[in-house]
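Chemist: Could you have a look at this structure, given as structure tokens, before my questions?
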Amino acid sequence: VIRTYQYRLYPRKHEKIALEAVFQSARFLYNHTLAYRRKCWSESRQHVSYKELSGMWRDWRNEQPDDNPLRVLNMTAGQQVLRRLEKTYNAFFRGGGFPRFKGRDRFNSVDYTYGDGCKVTGNRLYIQNVGDLKIKLHRPLPENGTIKMVNIKRKASGWYVNLQIELPNRRVLHNGQSLVGIDMGLSRLLTLSDGTWVDNPRWLKTSLAKLRVAQRTLARRKMGSKRRRKARHQVALLHEHVANTRRDFWHKVTTYLVNTYGGIGIEDLKLGFMLKNKHLSQSAHDAGLGLFTQLLHSKAESAGCVVLVVNPKNTSQACSGCGVTVPKALSVRVHHCPHCNLVLDRDENAARNIFHLAFKSAWTVPSGAVT
Ligand SMILES: [Zn+2]
């Protein structure tokens, strides 16, 4: 398995300037290559592959004199930039957004292959043409891991490094604990089929309120003024804070779940939640649930927990007691079955249906819900 460890960097003043120069070169390479790809397409309907571009970059870089400022970006780091552009193009071909030029504020990370222009020694990270940067190892590096990739990040609060570390696979047998189904929702984040639930944390509301105030302040500041720049920095810091605490929260929730249950049934987000709440897709809420499923999957195996994804169609309408469809609007929070007299919280009923679907209990599956 590959795990990412993030650490804070404390570059000195001249190192910061050198890092900025590396980012500047990487951004230049990205934009320049994008312009070239667009030109080839518009003039002769030709796609330029990553392989070609990578070769061009290598030749061009080798021909440059040592003092060309673009040479601060090393060969493989440049290739990573080209790979990133390739990914954006591939996403575009699959229906994503058209690749766009990156402004200074939109280019905030550079990747290195470990050992090629970068190396960790003690609490120092060497980066070619930058120096030996101080890393704060707030948790130690794993002893049996191999660093594969190094990703340098510029955030509002400072500089960071993400180390992608390969760890030996640790297979754990099924932990033998009970099975559960989980419904994801709006009013309540998660409802479990055993009746427990996870709610939106209160800090989120407070942080979002602070963010709104900061955004209003920013909107009032005069263009180009020093105070506007300060306000923008404040907004960026708050965004980062919300993202960090949200991540933290989901880490805790998923760790708890995989350690408490032996099998977890969840709904397919793409088929359920996002369809049910179209106006919300791409919202922060959505992203939160996406992060939840992603973390759950990545933690399950080593905890001996099985995660099964089911089609959530009809799971909120069907009765978990007898399988009969009981139509109800979104505003109806209680499931009341006229057939078997089951009275249950709406989301808990859905969670129980997801549970049945996931673990294929032999008895009636809600109609239309079979994947
Ligand atoms: Zn019923």
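Residue numbering restarts at 1 in every chain; chains get A, B, ... in the order shown in the structure tokens, and ligands count up from 1 in that same order.
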If you take only C-alpha atoms and all ligand atoms and a cut-off of 12 Å, which residues of chain A touch ligand 1, and what are their nearest atom pairs and distances in Å to one decimal, in chain and number order, as CSV?

Modeler:
residue,atom,partner,partner_atom_place_in_ligand_line,distance
A:Gln317,CA,ligand 1,1 (Zn),10.4
A:Ala318,CA,ligand 1,1 (Zn),7.9
A:Cys319,CA,ligand 1,1 (Zn),4.6
A:Ser320,CA,ligand 1,1 (Zn),6.5
A:Gly321,CA,ligand 1,1 (Zn),4.6
A:Cys322,CA,ligand 1,1 (Zn),4.1
A:Gly323,CA,ligand 1,1 (Zn),6.1
A:Val324,CA,ligand 1,1 (Zn),5.7
A:Thr325,CA,ligand 1,1 (Zn),8.0
A:Val326,CA,ligand 1,1 (Zn),8.0
A:Pro327,CA,ligand 1,1 (Zn),11.8
A:His335,CA,ligand 1,1 (Zn),9.2
A:His336,CA,ligand 1,1 (Zn),7.8
A:Cys337,CA,ligand 1,1 (Zn),4.6
A:Pro338,CA,ligand 1,1 (Zn),6.7
A:His339,CA,ligand 1,1 (Zn),5.0
A:Cys340,CA,ligand 1,1 (Zn),4.2
A:Asn341,CA,ligand 1,1 (Zn),6.1
A:Leu342,CA,ligand 1,1 (Zn),5.6
A:Val343,CA,ligand 1,1 (Zn),8.6
A:Leu344,CA,ligand 1,1 (Zn),10.2
A:Asn349,CA,ligand 1,1 (Zn),10.2
A:Asn353,CA,ligand 1,1 (Zn),11.6
A:Thr364,CA,ligand 1,1 (Zn),11.1
A:Pro366,CA,ligand 1,1 (Zn),10.4

Chemist: Report as a VMD selection string all protein, DNA and RNA residues lying within 7 Å of A:Ala303, evaluated on only C-alpha atoms, omitting residues in the same chain fewer than 3 positions from it.

Modeler: chain A and resid 172 258 to 259 299 to 300

Chemist: Using only C-alpha atoms, find the one residue out of A:Arg221, A:Val309, A:Val81, A:Leu179 that sits nearest to A:Ser193.

Modeler: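 For A:Ser193, the nearest of the given residues is A:Leu179.
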
Chemist: Mind the document's chain letters and residue numbers, and return as a PyMOL selection string the residues of stretch 221-326 of chain A that DSSP labels alpha helix (DSSP H).

Modeler: chain A and resi 226-260+273-276+284-303

Chemist: Mind giving me the straight-line distance from atom CA of A:Phe23 to atom CA of A:Lys102 in Å, one decimal?

Modeler: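 According to the coordinates, atom CA of A:Phe23 and atom CA of A:Lys102 are separated by 11.6 Å.
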
Chemist: So how far away is atom CA of A:Ala214 from atom CA of A:Ala231, in Å?

Modeler: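 Interatomic distance, atom CA of A:Ala231 to atom CA of A:Ala214: 7.0 Å.
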
Chemist: Closest to A:Ala156 among A:Ala236, A:Gln177, A:Pro140, A:Phe107, using only C-alpha atoms?

Modeler: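 The answer is A:Ala236, which sits nearest to A:Ala156.
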
Chemist: Using only C-alpha atoms, which residue out of A:Leu204, A:Leu141, A:Ile147, A:Val161 lies closest to A:Leu125?

Modeler: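 Ranked by minimum distance to A:Leu125, first place goes to A:Val161.
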
Chemist: Kindly indicate which residue among A:Thr113, A:Ser302, A:Asn62, A:Thr293 lies nearest to A:Ile264, using only C-alpha atoms for the distances.

Modeler: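 With only C-alpha atoms as the atom set, the closest residue is A:Thr293.
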
Chemist: So that I can check the surroundings of stretch 45-59 of chain A, please list as a PDB file with C-alpha atoms, in the first residue's frame every protein, DNA and RNA residue that reaches within 10 Å of it, counting only C-alpha atoms and ignoring chain neighbours fewer than 2 positions away.

Modeler:
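Heads up, here's the output in result.pdb:
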ATOM      1  CA  LEU A  29       6.433  24.908 -18.674  1.00  0.00           C
ATOM      2  CA  THR A  33       3.176  23.232 -23.378  1.00  0.00           C
ATOM      3  CA  TYR A  36       1.811  24.335 -27.984  1.00  0.00           C
ATOM      4  CA  ARG A  37      -0.745  21.515 -27.771  1.00  0.00           C
ATOM      5  CA  ARG A  38      -3.558  23.926 -28.576  1.00  0.00           C
ATOM      6  CA  LYS A  39      -1.626  25.304 -31.543  1.00  0.00           C
ATOM      7  CA  CYS A  40      -0.920  21.858 -32.990  1.00  0.00           C
ATOM      8  CA  TRP A  41      -4.576  20.981 -32.658  1.00  0.00           C
ATOM      9  CA  SER A  42      -5.958  24.158 -34.192  1.00  0.00           C
ATOM     10  CA  GLU A  43      -3.462  24.219 -37.072  1.00  0.00           C
ATOM     11  CA  ARG A  61      16.586  21.526 -21.373  1.00  0.00           C
ATOM     12  CA  ASN A  62      19.908  19.911 -22.314  1.00  0.00           C
ATOM     13  CA  GLU A  63      20.575  22.607 -24.899  1.00  0.00           C
ATOM     14  CA  GLN A  64      20.043  25.494 -22.505  1.00  0.00           C
ATOM     15  CA  ASN A  74      14.967  19.403 -12.921  1.00  0.00           C
ATOM     16  CA  MET A  75      14.268  16.951 -15.696  1.00  0.00           C
ATOM     17  CA  THR A  76      11.895  14.576 -13.941  1.00  0.00           C
ATOM     18  CA  GLY A  78       9.434  18.847 -15.539  1.00  0.00           C
ATOM     19  CA  GLN A  79       8.171  15.487 -16.779  1.00  0.00           C
ATOM     20  CA  GLN A  80       5.748  15.405 -13.857  1.00  0.00           C
ATOM     21  CA  VAL A  81       4.413  18.789 -14.998  1.00  0.00           C
ATOM     22  CA  LEU A  82       3.824  17.339 -18.470  1.00  0.00           C
ATOM     23  CA  ARG A  83       2.110  14.299 -16.928  1.00  0.00           C
ATOM     24  CA  ARG A  84      -0.198  16.617 -15.049  1.00  0.00           C
ATOM     25  CA  LEU A  85      -1.147  18.364 -18.272  1.00  0.00           C
ATOM     26  CA  GLU A  86      -1.707  14.959 -19.884  1.00  0.00           C
ATOM     27  CA  LYS A  87      -4.096  14.051 -17.060  1.00  0.00           C
TER      28      LYS A  87
END

Chemist: When you draw a straight line from atom CA of A:Thr315 to atom CA of A:Asp268, how long is it in Å?

Modeler: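 Taking atom CA of A:Thr315 as the start and atom CA of A:Asp268 as the end point, the length is 11.7 Å.
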
Chemist: Nearest to A:Gly195 among A:Ala91, A:Cys305, A:Ala350, A:Val72, with distances taken over only C-alpha atoms: which residue is it?

Modeler: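 Checking each candidate against A:Gly195, we get A:Ala350 as the closest.
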